[in-house]
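S.K.: Dropping in final_26.cif, which is mmCIF, C-alpha atoms:
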```
data_query
#
loop_
_atom_site.label_atom_id
_atom_site.label_comp_id
_atom_site.auth_asym_id
_atom_site.auth_seq_id
_atom_site.Cartn_x
_atom_site.Cartn_y
_atom_site.Cartn_z
CA MET T 1 0.00 0.00 0.00
CA ASN T 2 1.43 3.41 -0.88
CA ASP T 3 1.77 6.31 1.55
CA GLN T 4 -1.20 8.26 0.19
CA ASP T 5 -3.49 5.25 0.69
CA ILE T 6 -2.27 4.85 4.26
CA ILE T 7 -2.77 8.56 4.94
CA ALA T 8 -6.31 8.23 3.53
CA LEU T 9 -6.93 5.47 6.10
CA TYR T 10 -5.80 7.81 8.88
CA VAL T 11 -8.08 10.56 7.59
CA ALA T 12 -10.99 8.07 7.48
CA ARG T 13 -10.03 7.05 11.07
CA ASP T 14 -9.59 3.44 9.95
CA GLU T 15 -7.39 1.51 12.41
CA GLN T 16 -5.94 -0.44 9.49
CA ALA T 17 -3.76 2.66 9.00
CA ILE T 18 -1.72 1.69 12.05
CA VAL T 19 -1.32 -1.89 10.82
CA GLU T 20 -0.16 -0.66 7.39
CA THR T 21 2.21 1.89 8.95
CA ALA T 22 3.71 -0.76 11.22
CA GLY T 23 4.17 -3.12 8.29
CA LYS T 24 5.79 -0.53 6.07
CA TYR T 25 7.79 1.58 8.53
CA GLY T 26 7.92 -0.38 11.81
CA GLY T 27 11.39 -1.81 11.16
CA LEU T 28 12.82 1.57 10.24
CA CYS T 29 11.27 3.22 13.30
CA MET T 30 12.68 0.44 15.48
CA GLN T 31 16.15 0.94 14.00
CA VAL T 32 16.01 4.69 14.63
CA SER T 33 14.81 4.16 18.19
CA MET T 34 17.39 1.44 18.93
CA ASN T 35 20.20 3.65 17.61
CA ILE T 36 19.21 6.29 20.12
CA LEU T 37 18.11 4.21 23.11
CA ALA T 38 20.13 0.98 22.78
CA ASN T 39 17.39 -0.77 24.75
CA LYS T 40 14.91 -3.03 22.97
CA SER T 41 11.99 -2.63 25.38
CA ASP T 42 12.32 1.16 25.48
CA ALA T 43 12.61 1.24 21.69
CA GLU T 44 9.51 -0.93 21.26
CA GLU T 45 7.59 1.36 23.59
CA CYS T 46 8.69 4.42 21.60
CA VAL T 47 7.67 2.77 18.34
CA ASN T 48 4.24 1.97 19.78
CA ASP T 49 3.97 5.57 21.01
CA THR T 50 4.91 6.63 17.48
CA TYR T 51 1.83 4.90 16.08
CA LEU T 52 -0.40 6.62 18.67
CA LYS T 53 1.12 10.03 17.99
CA THR T 54 0.76 9.48 14.24
CA TRP T 55 -2.90 8.51 14.76
CA ASN T 56 -3.47 11.69 16.76
CA SER T 57 -1.60 13.88 14.24
CA ILE T 58 -3.26 12.80 10.97
CA PRO T 59 -5.54 14.70 10.53
CA PRO T 60 -5.12 17.70 10.88
CA ILE T 61 -1.59 17.28 9.53
CA THR T 62 -1.24 15.70 6.10
CA PRO T 63 2.43 14.78 5.65
CA ARG T 64 4.08 14.85 2.23
CA SER T 65 6.17 11.81 3.15
CA LEU T 66 4.62 9.40 5.62
CA GLY T 67 7.95 7.61 6.13
CA ALA T 68 9.80 10.78 7.06
CA PHE T 69 6.88 11.91 9.23
CA VAL T 70 6.71 8.65 11.18
CA CYS T 71 10.49 8.39 11.54
CA ARG T 72 10.67 11.93 12.81
CA ILE T 73 8.08 11.14 15.46
CA ALA T 74 9.98 7.97 16.47
CA ARG T 75 13.24 9.88 16.58
CA ASN T 76 11.85 12.72 18.69
CA LEU T 77 10.09 10.35 21.12
CA SER T 78 13.29 8.32 21.46
CA LEU T 79 15.40 11.43 22.03
CA ASN T 80 12.95 12.61 24.71
CA ARG T 81 13.02 9.20 26.42
CA HIS T 82 16.83 9.14 26.24
CA ARG T 83 17.05 12.65 27.67
CA ASP T 84 14.69 11.76 30.52
CA ALA T 85 16.47 8.49 31.32
CA HIS T 86 19.98 9.94 31.18
CA ARG T 87 19.67 13.40 32.59
CA GLU T 88 23.01 13.09 34.35
CA ARG T 89 24.78 10.41 32.31
CA ARG T 90 24.24 11.01 28.61
CA ASN T 91 25.23 8.79 25.66
CA ARG T 92 28.39 10.53 24.46
CA ASP T 93 28.13 9.30 20.84
CA LEU T 94 24.58 10.58 20.52
CA LEU T 95 25.45 13.96 21.99
CA VAL T 96 28.52 14.31 19.81
CA SER T 97 26.54 13.65 16.63
CA PHE T 98 24.01 16.35 17.45
CA GLU T 99 26.67 18.78 18.71
CA GLU T 100 28.53 18.36 15.41
CA LEU T 101 25.45 19.25 13.43
CA GLU T 102 24.36 21.99 15.81
CA ALA T 103 27.65 23.77 15.09
CA CYS T 104 26.45 24.14 11.50
CA ILE T 105 22.77 24.77 12.12
CA SER T 106 21.44 26.98 14.86
CA MET T 107 18.33 29.04 14.31
CA PRO T 108 14.89 29.86 15.66
CA ASP T 109 12.14 27.23 15.38
CA GLU T 110 10.12 29.32 12.91
CA ALA T 111 12.80 28.83 10.26
CA GLU T 112 12.57 25.02 10.50
CA ASN T 113 10.56 24.46 7.29
CA GLU T 114 12.82 26.71 5.24
CA LEU T 115 15.84 25.00 6.71
CA ALA T 116 14.40 21.56 5.86
CA GLU T 117 13.97 22.61 2.24
CA LEU T 118 17.51 24.05 2.08
CA LEU T 119 18.92 20.91 3.65
CA THR T 120 17.09 18.74 1.13
CA VAL T 121 18.45 20.75 -1.79
CA PHE T 122 21.94 20.71 -0.27
CA LEU T 123 21.91 16.93 0.21
CA GLU T 124 20.59 16.35 -3.32
CA GLY T 125 23.71 18.12 -4.55
CA GLN T 126 26.05 15.82 -2.63
CA GLY T 127 27.33 12.44 -3.74
CA GLU T 128 25.44 9.32 -2.70
CA THR T 129 28.04 8.25 -0.14
CA ASP T 130 28.04 11.66 1.54
CA ARG T 131 24.23 11.70 1.64
CA VAL T 132 24.09 8.22 3.17
CA LEU T 133 26.71 9.09 5.77
CA PHE T 134 25.06 12.42 6.64
CA MET T 135 21.58 10.92 7.01
CA GLY T 136 22.90 7.90 8.87
CA ARG T 137 24.76 10.04 11.38
CA TYR T 138 22.41 12.96 11.87
CA TRP T 139 18.97 11.53 11.16
CA TYR T 140 19.24 7.87 12.15
CA ALA T 141 21.81 8.55 14.93
CA CYS T 142 24.19 5.80 13.76
CA SER T 143 27.67 5.73 15.28
CA VAL T 144 30.71 6.48 13.14
CA SER T 145 31.92 2.91 13.65
CA ASP T 146 28.58 1.48 12.51
CA LEU T 147 28.60 3.69 9.42
CA ALA T 148 32.17 2.68 8.66
CA LYS T 149 31.25 -1.01 8.79
CA ARG T 150 28.14 -0.54 6.64
CA MET T 151 29.97 1.51 4.03
CA GLY T 152 33.20 -0.52 4.01
CA MET T 153 35.23 2.50 5.08
CA THR T 154 37.55 3.33 7.96
CA GLN T 155 36.22 5.35 10.87
CA ASN T 156 38.68 8.12 10.01
CA ALA T 157 37.39 8.25 6.43
CA VAL T 158 33.79 8.48 7.65
CA SER T 159 34.68 11.21 10.17
CA LEU T 160 36.56 13.18 7.54
CA ARG T 161 33.71 12.95 5.01
CA LEU T 162 31.20 14.02 7.65
CA TYR T 163 33.42 16.96 8.61
CA LYS T 164 33.78 18.07 4.99
CA THR T 165 30.03 17.74 4.41
CA ARG T 166 29.31 19.83 7.52
CA GLU T 167 31.74 22.49 6.28
CA LYS T 168 30.05 22.51 2.85
CA LEU T 169 26.68 22.80 4.61
CA ARG T 170 27.93 25.70 6.73
CA THR T 171 29.12 27.55 3.59
CA TYR T 172 25.90 26.72 1.74
CA LEU T 173 23.75 28.12 4.56
CA GLU T 174 25.90 31.23 5.01
CA GLU T 175 25.60 31.97 1.30
CA ARG T 176 21.82 31.89 1.75
CA GLY T 177 21.85 34.38 4.61
CA TYR T 178 21.94 32.09 7.63
CA ARG T 179 24.32 33.08 10.37
CA VAL T 180 26.11 29.92 11.38
#
```
Go ahead and express the file in the form of structure tokens.

M.R.:
Amino acid sequence: MNDQDIIALYVARDEQAIVETAGKYGGLCMQVSMNILANKSDAEECVNDTYLKTWNSIPPITPRSLGAFVCRIARNLSLNRHRDAHRERRNRDLLVSFEELEACISMPDEAENELAELLTVFLEGQGETDRVLFMGRYWYACSVSDLAKRMGMTQNAVSLRLYKTREKLRTYLEERGYRV
């Protein structure tokens, strides 16, 4: 079933929407949540909460990409759970990945949609490997070592490519009037 059909089920308040979402995006949501939480039961709970939040969000929201919408919910719920569970002792890898990106992107919440569009255009202009590494690190919260294994690269090579991509992103955003 395609995303638009699943969204139509949500709009019609048909519970089959949750079943279809779980079938299509459950594994991806679980991966995102596990990368952040590293605890299967917590990740499963966040994924289940993701389905509830999606149910409560559609309508009124009609996402352009159901996969991105659902993954974003899973990611944010997982980050919130991680933050709550580790107020004093935080996962260093997770913090480092977001601190790296935050150094390039820091702006008020109202600019989020414009930033998302700029980021999409920027990533479309990068090579496939750089896009995969960037999304893996900063969207799916994968560790550098995990990315290196998946891509058949050294950790140093992954770190260097991520650094160069962040620098290109910083320049790209500054050229478009964002103070970075």

S.K.: Which polymer residues have any atom within 12 Å of an atom of T:Ala148, counting all atoms listed in the file, with same-chain residues fewer than 3 positions away left out, as a list in words?

M.R.: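 Here the answer would be Thr129, Val132, Leu133, Gly136, Arg137, Cys142, Ser143, Val144, Ser145, Met151, Gly152, Met153, Thr154, Gln155, Asn156, Ala157, Val158, Ser159, Leu160, Arg161 and Leu162 of chain T.
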
S.K.: Using all atoms listed in the file, find the one residue out of T:Ala74, T:Val32, T:Leu119, T:Ala17 that sits nearest to T:Trp55.

M.R.: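 Smallest distance to T:Trp55 is found for T:Ala17.
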
S.K.: Around the point (3.8, 2.1, 19.8) (coordinates from the file), which residues reach within 12 Å if we count all atoms listed in the file? Answer as number ranges by chain.

M.R.: T: 18-19, 21-22, 25-26, 29-30, 33, 41-55, 70, 73-74, 77-78

S.K.: Enter the distance from atom CA of T:Arg179 to atom CA of T:Ala116, in Å, rounded to one decimal.

M.R.: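 These atoms are spaced 15.9 Å apart.
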
S.K.: Point out the residue among T:Tyr178, T:Phe69, T:Phe134, T:Phe122 with the least atom-to-atom distance to T:Leu147, counting all atoms listed in the file.

M.R.: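 Smallest distance to T:Leu147 is found for T:Phe134.
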
S.K.: Choose the residue, out of T:Lys149, T:Ala38, T:Leu28, T:Thr120, that has the smallest atom-to-atom separation from T:Arg81; count only C-alpha atoms.

M.R.: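 The closest residue to T:Arg81 is T:Ala38.
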
S.K.: Within 12 Å of (14.4, 14.8, 19.0) in the file's own coordinates, which protein, DNA or RNA residues have an atom, counting all atoms listed in the file? List them as a PyMOL selection string.

M.R.: chain T and resi 32-33+36-37+71-84+94-95+98+138-141

S.K.: Using only C-alpha atoms, which of the listed residues (T:Asp14, T:Asp130, T:Asp3, T:Asp146) sits closest to T:Pro63?

M.R.: T:Asp3

S.K.: Counting all atoms listed in the file, figure out which residue out of T:Arg131, T:Lys168, T:Arg13, T:Arg150 gets nearest to T:Pro59.

M.R.: T:Arg13

S.K.: Work out how far atom CA of T:Ala85 is from atom CA of T:Gln31, in Å to one decimal.

M.R.: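 That distance, rounded to one decimal, is 18.9 Å.
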
S.K.: If we count only C-alpha atoms and set the cut-off at 10 Å, which residues sit around T:Thr62, ignoring sequence neighbours fewer than 6 positions away in its own chain? Please answer as a PDB file with C-alpha atoms, in the coordinates of the input.

M.R.:
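Contents of out-v3.pdb, freshly written:
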```
ATOM      1  CA  GLN T   4      -1.200   8.260   0.190  1.00  0.00           C
ATOM      2  CA  ILE T   7      -2.770   8.560   4.940  1.00  0.00           C
ATOM      3  CA  ALA T   8      -6.310   8.230   3.530  1.00  0.00           C
ATOM      4  CA  TYR T  10      -5.800   7.810   8.880  1.00  0.00           C
ATOM      5  CA  VAL T  11      -8.080  10.560   7.590  1.00  0.00           C
ATOM      6  CA  PHE T  69       6.880  11.910   9.230  1.00  0.00           C
TER       7      PHE T  69
END
```

S.K.: How many Å separate atom CA of T:Lys40 from atom CA of T:Glu15?

M.R.: 25.1 Å

S.K.: For stretch 144-156 of chain T, I'd like the enclosing box, axis-aligned and padded by 5 Å on every side, reported as lines of an AutoDock Vina configuration file with centre and edge lengths in Å to one decimal.

M.R.:
```
center_x = 33.4
center_y = 3.6
center_z = 8.8
size_x = 20.5
size_y = 19.1
size_z = 19.6
```

S.K.: Looking at only C-alpha atoms, which of T:Asn2, T:Ala68, T:Tyr172, T:Ile58 is the one that sits closest to T:Gly125?

M.R.: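 So, comparing all the options, the nearest one is T:Tyr172.
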
S.K.: Can I get a file of stretch 39-50 of chain T from the given structure, all heavy atoms kept, as a compact mmCIF listing (two decimals), in the first residue's frame?

M.R.:
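What follows is the written file out.txt:
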```
# COMPACT_ATOMS: atom_id res chain seq x y z
N ASN T 39 18.14 0.07 23.84
CA ASN T 39 17.39 -0.77 24.75
C ASN T 39 16.13 -1.21 24.03
O ASN T 39 15.28 -0.37 23.68
CB ASN T 39 17.05 0.02 26.02
CG ASN T 39 16.24 -0.78 27.01
OD1 ASN T 39 15.15 -1.25 26.72
ND2 ASN T 39 16.79 -0.93 28.21
N LYS T 40 15.99 -2.52 23.81
CA LYS T 40 14.91 -3.03 22.97
C LYS T 40 13.53 -2.71 23.54
O LYS T 40 12.64 -2.28 22.81
CB LYS T 40 15.05 -4.53 22.77
CG LYS T 40 14.07 -5.08 21.77
CD LYS T 40 14.32 -6.53 21.46
CE LYS T 40 13.29 -6.98 20.42
NZ LYS T 40 13.44 -8.38 20.10
N SER T 41 13.33 -2.88 24.82
CA SER T 41 11.99 -2.63 25.38
C SER T 41 11.62 -1.15 25.32
O SER T 41 10.48 -0.81 25.01
CB SER T 41 11.86 -3.17 26.81
OG SER T 41 12.77 -2.53 27.67
N ASP T 42 12.59 -0.28 25.59
CA ASP T 42 12.32 1.16 25.48
C ASP T 42 12.04 1.53 24.02
O ASP T 42 11.16 2.34 23.74
CB ASP T 42 13.50 1.98 25.99
CG ASP T 42 13.59 2.00 27.51
OD1 ASP T 42 12.63 1.55 28.18
OD2 ASP T 42 14.62 2.47 28.02
N ALA T 43 12.81 0.95 23.11
CA ALA T 43 12.61 1.24 21.69
C ALA T 43 11.24 0.77 21.22
O ALA T 43 10.54 1.48 20.50
CB ALA T 43 13.71 0.58 20.86
N GLU T 44 10.84 -0.43 21.64
CA GLU T 44 9.51 -0.93 21.26
C GLU T 44 8.40 -0.03 21.79
O GLU T 44 7.43 0.24 21.09
CB GLU T 44 9.33 -2.36 21.80
CG GLU T 44 10.13 -3.39 21.05
CD GLU T 44 10.11 -4.77 21.70
OE1 GLU T 44 9.68 -4.89 22.88
OE2 GLU T 44 10.53 -5.72 21.02
N GLU T 45 8.59 0.46 23.01
CA GLU T 45 7.59 1.36 23.59
C GLU T 45 7.52 2.67 22.80
O GLU T 45 6.43 3.19 22.53
CB GLU T 45 7.93 1.63 25.05
CG GLU T 45 6.78 2.24 25.82
CD GLU T 45 7.05 2.28 27.32
OE1 GLU T 45 7.64 1.33 27.86
OE2 GLU T 45 6.67 3.29 27.92
N CYS T 46 8.68 3.19 22.40
CA CYS T 46 8.69 4.42 21.60
C CYS T 46 8.04 4.20 20.24
O CYS T 46 7.32 5.08 19.75
CB CYS T 46 10.11 4.93 21.43
SG CYS T 46 10.72 5.82 22.87
N VAL T 47 8.29 3.05 19.64
CA VAL T 47 7.67 2.77 18.34
C VAL T 47 6.16 2.68 18.49
O VAL T 47 5.41 3.24 17.67
CB VAL T 47 8.27 1.48 17.72
CG1 VAL T 47 7.49 1.06 16.49
CG2 VAL T 47 9.73 1.71 17.35
N ASN T 48 5.69 2.03 19.54
CA ASN T 48 4.24 1.97 19.78
C ASN T 48 3.67 3.37 20.03
O ASN T 48 2.58 3.70 19.54
CB ASN T 48 3.92 1.03 20.94
CG ASN T 48 4.09 -0.42 20.56
OD1 ASN T 48 3.94 -0.79 19.40
ND2 ASN T 48 4.45 -1.24 21.52
N ASP T 49 4.40 4.18 20.79
CA ASP T 49 3.97 5.57 21.01
C ASP T 49 3.96 6.35 19.70
O ASP T 49 3.14 7.26 19.51
CB ASP T 49 4.88 6.26 22.02
CG ASP T 49 4.71 5.74 23.44
OD1 ASP T 49 3.74 5.01 23.70
OD2 ASP T 49 5.58 6.05 24.29
N THR T 50 4.86 5.99 18.80
CA THR T 50 4.91 6.63 17.48
C THR T 50 3.60 6.41 16.73
O THR T 50 3.06 7.34 16.12
CB THR T 50 6.09 6.08 16.66
OG1 THR T 50 7.30 6.42 17.33
CG2 THR T 50 6.10 6.63 15.24
```
